[in-house]
Structure formats: structure tokens, C-alpha cells
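Colleague: Would you mind keeping the following structure in view while I ask a few things?
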Amino acid sequence: MAAITTAVVALGAAAVPVQAAPGNGHPDRHPGAEPIVIAHRGASGYRPEHTLAAYRLAIEMGADYVEPDLVSTKDGVLVARHENEISGTTDVATHPEFAGRRTTRTIDGVSVTGWFTEDFTLAELKTLRAKERLPQVRPDNTRYDGRFEIPTLEEVIRLVKRESGRTGRTIGIAPETKHPSYFDSIGLSLEEPLVRTLRRNGLDRPNAKVVIQSFETANLRQLDTMTRVPLAQLVDGSGAPYDLKAAGSTTTYADLVRPAGLADIATYADWVAPTKSLVIPRDASGAIGAPSSLVADAHAVGLRVVTWTMRVENQFLPTDHRIGTDPNAKGDLAGEVDAFLDAGVDALFSDNPDIAVATRDGWLAGEGAA
């Protein structure tokens, strides 16, 4: 894949923010880039995730990219949902006309019961409304339940283009293909409509401000032959990519982030996207520990590193960054973000892009003065 450039003129003009400069003083950081903040499913700490309202707010908060997770409708349209099972993120259960659609499916080897996007046309999905996925954790977000539609990928791109024009800065998109092997198995492949949509919008270019992600490996290898935009290999803290597991491979996520695994990822992707614990493990007390060698190992083979997910609530933070004992209270997210920036990551996902952006900007100013 082509190297990521640094100048930003219009959507698709670059894959790093305009402020990027040749070198920023960190010995492990990828040359010529400043850390990127990606709004995880939008500003999902403040609005129901994967809604245009969440994406718009994230952009207002200064996010460099927004992330739409992608699943397919029955008629092959890509829509933004965390999962294809939508009972937790929409009001589908309250629609008597769809009661008969409730079913059980095996998704990536796991039995799941509910309502699935692949059983609905886009027109039918548009009659549903989004709701907060974590109402006990984020009760304030429930005030927006029932107000927003499920957006299509096309609608997300249109929003990003409009907001890029309004704000005068280029906003990127980081789409994630969800359960690609499963969708292939039911004749609703995600890769072709994704590439078509990017191409239709002038975004199928190596310097496009687009990064496509996946937890699987085979579809990223396929995408590497189909599109010129950067790709990111997502890596969980346990288990294995489903496509490899289904094929009988013994390769695990842990294998992917060893030096040999990272070198292999670099043959088809531009980024590696490990969960936080692989970058900075926590100690026995749950406090933030010393960084692993992952960032340096990835940079050594030409990969950039984006980690996930930075959330403000205590339950998601290391013990030494929690404030009080309420798991749903807000803790010291800025301190955690600082630690990961110090560890040399090139980007991070956050549900709270306002905090992540402010911390990143302060970190850059402090480092620049050092």
C-alpha cells in the first residue's frame, strides 16, 4: 500500500491531519505524523452510537476521523451498526410488524438470538430508531432514544463531506467490516459494496483520508487487491481471527502482534490496531503498567499503530486513573490518553473525542516545548 501523505486539502486528500510536521520529538513515533483521534462509533459517550448525530458531534469536538461499523441489509446496502443483531441498539423489539423476524443465528461460531439487519430491507430499517446501547452506564444518552435513524455508509460520507466544508478541515472515515466471513456465507459480501461506495465518492485513492479495518485477515488481504486506501488489522486481546479459526489455523491474535506476525500484516495492511492491553498491559492491581514492545515492533516493519478504546467511565480505566468508586462515574481519561501517547501510538479510538482531542493537543504543545 502507498505511504500516507500529510497535506490536507479536501476529503480524500490525506490520511493524517494538516498539523502534521516532519518529526515531533518522539523516538518511536512514525515519522512526519501527529497522533490521530478517531471518534469510536461517533461521539458515543454523548449520543447513541452510529447515528449521524453522534458523528456530527464528534466532528464538532475536533475528531480527525469518525468510525462507522458496517453491516449489510437484505438488499445489500451497507449501514452503520456495531452488530448485525440490532435489538440492543434500536427499538425493533417494539415494532409488532417485525415480531416474526426474531430468530437465532450462528455468528462467528456463537449462537445469537434477536433481529438481524440482513433480514430487513433498507426501507424497513429506516422505520426503526436508534437507542443507547449502554443505558446503565450512560443514562444521559437515553434522552436521545427514538430520535435518530440508522444511517447508511453513503449518508455518513455525505455528512463528513458537508462537515469538512463547514469546518474547513478534512474529516476522515474509518469503516470497519463486521463479520465479513459470515456475510460472505449468506451472499451479502461487504467488500464489494464498500469499495464501490468509496469509488463513487472519489475516495478510492492511496492518499484518501480513509482507513478500512477488520478483525479478520482474509478480507483485508482481499481488500488489498481491490482498493488503494490504507487498511488496518484489528487485534483483540484474546482468541483468534474468525476466518483463520474457521479454516483450521492455530494462529491467534497474540501471534499477530509478535514480530513475525507484524511483518506479515505489513504485507497487506498499513496499520495494526491492537486493544489497549496489548500496548500497555495493566499490573496485578489493574493499574497502568509499562508499555510492551508492540509499538516499536510495529514501527520497525512500517506499520502505524492505532489502539482502542478510550472511554471516560471508571470501569473502562486502569485503577490508578479512576476517580471514586462508582464504576459509571467519570475518571481521568486524559491521564490514560497521555500514557498511550507517551507510548508512541499513532492514533487512538475514543468514545469521548473532546477529551482525547484536548489531551492530544496539550500533549503536542508540551512535547513541542520540551
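Starting from 1 in every chain, residues are counted up; chains themselves are A, B, ... following the order of the C-alpha cells, and ligands are numbered from 1 as listed.
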Per DSSP on the backbone, filter segment 148-364 of chain A down to the residues in alpha helix (DSSP H) and report them as a ChimeraX atom specification.

Modeller: /A:153-167,180-185,191-200,218-226,242-246,253-256,259-265,276-279,294-300,333-342,353-364

Colleague: Excluding Thr177 of chain A and any residue of its chain fewer than 3 positions from it, enumerate the residues within 7 Å of it, using only C-alpha atoms, and give them as a ChimeraX atom specification.

Modeller: /A:69-71,180,190,213-214

Colleague: Just list the residues in segment 157-346 of chain A DSSP gives strand (DSSP E) on the backbone, as a PyMOL selection string.

Modeller: chain A and resi 172-173+176-177+212-214+231-235+271-274+304-310

Colleague: Residues near Arg101 of chain A, anyone? I mean within 9 Å using only C-alpha atoms, not counting same-chain ones fewer than 2 positions away, as a PDB file with N, CA and C atoms, in the first residue's frame.

Modeller:
```
ATOM      1  N   GLU A  97     -44.914  -5.310  13.840  1.00  0.00           N
ATOM      2  CA  GLU A  97     -44.850  -5.797  12.455  1.00  0.00           C
ATOM      3  C   GLU A  97     -43.592  -6.610  12.184  1.00  0.00           C
ATOM      4  N   PHE A  98     -42.590  -6.496  13.077  1.00  0.00           N
ATOM      5  CA  PHE A  98     -41.352  -7.239  12.885  1.00  0.00           C
ATOM      6  C   PHE A  98     -41.151  -8.335  13.929  1.00  0.00           C
ATOM      7  N   ALA A  99     -42.183  -8.626  14.712  1.00  0.00           N
ATOM      8  CA  ALA A  99     -42.039  -9.646  15.765  1.00  0.00           C
ATOM      9  C   ALA A  99     -41.622 -10.990  15.186  1.00  0.00           C
ATOM     10  N   THR A 103     -35.119 -14.244  15.503  1.00  0.00           N
ATOM     11  CA  THR A 103     -34.622 -15.576  15.168  1.00  0.00           C
ATOM     12  C   THR A 103     -33.275 -15.798  15.840  1.00  0.00           C
ATOM     13  N   GLY A 114     -32.079 -12.716  18.181  1.00  0.00           N
ATOM     14  CA  GLY A 114     -32.539 -11.341  18.084  1.00  0.00           C
ATOM     15  C   GLY A 114     -33.028 -11.016  16.693  1.00  0.00           C
ATOM     16  N   TRP A 115     -32.860  -9.761  16.312  1.00  0.00           N
ATOM     17  CA  TRP A 115     -33.240  -9.277  14.996  1.00  0.00           C
ATOM     18  C   TRP A 115     -31.970  -8.884  14.249  1.00  0.00           C
ATOM     19  N   PHE A 116     -31.881  -9.258  12.976  1.00  0.00           N
ATOM     20  CA  PHE A 116     -30.629  -9.104  12.228  1.00  0.00           C
ATOM     21  C   PHE A 116     -30.847  -8.235  10.992  1.00  0.00           C
ATOM     22  N   ASP A 119     -32.046  -9.419   7.568  1.00  0.00           N
ATOM     23  CA  ASP A 119     -33.435  -9.819   7.361  1.00  0.00           C
ATOM     24  C   ASP A 119     -34.346  -8.637   7.070  1.00  0.00           C
ATOM     25  N   PHE A 120     -33.762  -7.447   6.940  1.00  0.00           N
ATOM     26  CA  PHE A 120     -34.529  -6.231   6.702  1.00  0.00           C
ATOM     27  C   PHE A 120     -34.024  -5.527   5.454  1.00  0.00           C
TER      28      PHE A 120
END
```

Colleague: Fewer than 2 positions away in the same chain doesn't count, so skip those; otherwise give me all residues within 9 Å of Ala43 of chain A, counting only C-alpha atoms, as an MDAnalysis selection string.

Modeller: chainID A and resid 39:41 45:50 53:59 61 63 66 350:354

Colleague: Could you give me, as a VMD selection string, the residues within 8 Å of Pro151 of chain A, counting only C-alpha atoms and dropping anything in the same chain fewer than 5 positions from it?

Modeller: chain A and resid 50 to 52 79 to 80 156

Colleague: Report as a ChimeraX atom specification all protein, DNA and RNA residues lying within 12 Å of Ala298 of chain A, evaluated on only C-alpha atoms, omitting residues in the same chain fewer than 3 positions from it.

Modeller: /A:28-30,233,256-266,269-274,279,292-295,301-306,344-346

Colleague: If we count only C-alpha atoms, what is near segment 242-253 of chain A at a cut-off of 7 Å, once residues fewer than 2 positions away on the same chain are taken out, given as a PyMOL selection string?

Modeller: chain A and resi 108+181+216-218+235-240+255-257

Colleague: Using only C-alpha atoms, which of A:Arg166, A:Val112, A:Leu364, A:Ile212 sits nearest Ile86 of chain A?

Modeller: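 That would be A:Val112, the residue with the smallest distance to Ile86 of chain A.
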
Colleague: Find the residue from A:Lys330, A:Gly168, A:Gly324, A:Leu234 that sits nearest to Thr275 of chain A; use only C-alpha atoms when measuring.

Modeller: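 Of the candidates, the smallest distance to Thr275 of chain A is held by A:Leu234.
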
Colleague: From the options A:Leu278, A:Glu34, A:Ser285, A:Glu83, which residue's atoms come nearest to Arg360 of chain A, counting only C-alpha atoms?

Modeller: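 Selected residue with least distance to Arg360 of chain A: A:Glu34.
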
Colleague: Have a look at A:Gly88, A:Gly165, A:Pro175, A:Gly335 and name the one nearest to Ala232 of chain A; count only C-alpha atoms.

Modeller: A:Pro175

Colleague: Figure out the distance between atom CA of Val211 of chain A and atom CA of Ala296 of chain A, please, to one decimal in Å.

Modeller: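 Pair atom CA of Ala296 of chain A / atom CA of Val211 of chain A returns 21.0 Å.
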